[in-house]
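Down below is the structure, laid out as structure tokens.
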Amino acid sequence: MEEIEQHSWIFKAILRQREVAMGLQGWFQWHSYSTRFVYKQLRNADGHVPWYKIFCGNNARPRALMNLWIACHGKLATRSRLYRFGLVDYITCCFSLQEETIEHLLFECLETKNIWKQVLTRLDIHHEPQAWTEELVWLIQNCKGKSIRADMVKLAIMEAVYGIWMYKNYVSFGKDIDRLKIGTNIIDMIVYRGWGKMKIRPHISSLML
């Protein structure tokens, strides 16, 4: 089967892996087969993404990790994306009259921008949130290394994006939610998840004061 434009991104990746596997010498000969060699070849087929460091050693909830992974691929089910698939008949953000794209939701929208800024301020990180493409570049730069700050930024963006995404869904489906507690709830989750990492526990304890 040949790869065509209409195929999903994950199906295209599977097809490319098949081509890599067929090109491996001796993979089908048991006397010379090496699982380690095959794994490395398949893993390197598409190369590394620049944002992988955000996920390394992150103590965030698995659901938050998955949600940010989808966001990094640009596949969050925003209203703009759902509209293209014919699943909704409107594209406006539930917090404003702007088109709900991933760039707008994270973090051009004033509502979500203020939440993310509130989280950063509480962590004593001075940064003005930008639209998602620019923000991802900033995150990549600030999640490098093994510093406490890098670990805190990793954990914060995971839980913040997931918290904002759930907040957006609650509002979209008309559920009652206290908007003033969104940032506080995200901070509480950062404290809860970060407490299990000894290196950042002293910094986490300061957030509880």
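FYI, nothing fancy with the structure tokens labels: chains A, B, ... in order, residues from 1 per chain, ligands from 1 as they appear.
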Within 10 Å of region 72-90 of chain A, which residues of region 161-187 of chain A come that close, and what is the closest atom pair and distance in Å for each? Count only C-alpha atoms and give it as a tab-separated table.
residue	atom	partner	partner_atom	distance
A:Trp165	CA	A:Leu76	CA	9.2
A:Lys168	CA	A:Thr78	CA	9.7
A:Asn169	CA	A:Thr78	CA	9.9
Go ahead and write the selection's residues with N, CA and C atoms as a PDB file, in the first residue's frame.
ATOM      1  N   TRP A 165      -7.662  22.570  29.430  1.00  0.00           N
ATOM      2  CA  TRP A 165      -8.451  21.772  28.487  1.00  0.00           C
ATOM      3  C   TRP A 165      -9.736  21.257  29.141  1.00  0.00           C
ATOM      4  N   LYS A 168     -12.113  24.196  29.646  1.00  0.00           N
ATOM      5  CA  LYS A 168     -12.758  24.535  28.372  1.00  0.00           C
ATOM      6  C   LYS A 168     -13.892  23.560  28.068  1.00  0.00           C
ATOM      7  N   ASN A 169     -13.670  22.279  28.324  1.00  0.00           N
ATOM      8  CA  ASN A 169     -14.710  21.278  28.061  1.00  0.00           C
ATOM      9  C   ASN A 169     -15.910  21.448  28.994  1.00  0.00           C
TER      10      ASN A 169
END
Picked from chain A by DSSP as alpha helix (DSSP H), as a PyMOL selection string: chain A and resi 9-22+35-43+62-72+79-84+102-103+110-122+132-142+148-172+182-194+201-207
Shortest interatomic distance to Glu111 (chain A) - which of A:Pro62, A:Gly183, A:Pro50, A:Gly194, counting only C-alpha atoms: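 With only C-alpha atoms as the atom set, the closest residue is A:Gly183.
Among the candidates A:Leu105, A:Val161, A:Ile148, A:Cys94, the residue lying nearest to Gly174 (chain A) is A:Cys94 (atoms considered: only C-alpha atoms).
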Distance of CA of Met66 (chain A) from CA of Cys143 (chain A), expressed in Å to one decimal place: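 For CA of Cys143 (chain A) relative to CA of Met66 (chain A), the distance reads 17.6 Å.
For Lys199 (chain A), the non-local neighbours within 12 Å, defined as residues at least 5 positions apart in the same chain or in other chains and counting only C-alpha atoms, are Gly57, Asn59, Lys146, Ser147, Ile148, Arg149, Ala150, Asp151, Met152, Gly194, Ile204 and Ser205 of chain A.
With only C-alpha atoms as the atoms that count, the residue of A:Ser96, A:Thr112, A:Gln130, A:Asn142 with the shortest distance to Ala160 (chain A) is A:Thr112.
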Contacts of Thr121 (chain A) at 12 Å (only C-alpha atoms; same-chain gap of 3+ positions) as a count of residues only: 17
Nearby residues (only C-alpha atoms) at most 12 Å from Tyr170 (chain A), same-chain spacing under 6 positions excluded, as a compact mmCIF listing (two decimals) with C-alpha atoms, in the first residue's frame:
# COMPACT_ATOMS: atom_id res chain seq x y z
CA CYS A 94 -16.22 29.53 24.52
CA PHE A 95 -14.31 32.33 26.28
CA GLY A 163 -6.45 21.82 33.55
CA ILE A 164 -7.25 24.44 30.90
CA ASP A 176 -21.02 24.42 36.61
CA ILE A 177 -17.46 25.33 37.52
CA ASP A 178 -15.84 28.01 39.65
CA ARG A 179 -13.64 29.91 37.20
CA ILE A 182 -8.92 26.93 37.99
Residue nearest Leu120 (chain A) among A:Lys53, A:Leu97, A:Lys12, A:Glu159 (counting only C-alpha atoms): A:Glu159
Å distance separating CA of Lys181 (chain A) from CA of Met198 (chain A), one decimal place: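 Distance between the two atoms: 27.3 Å.
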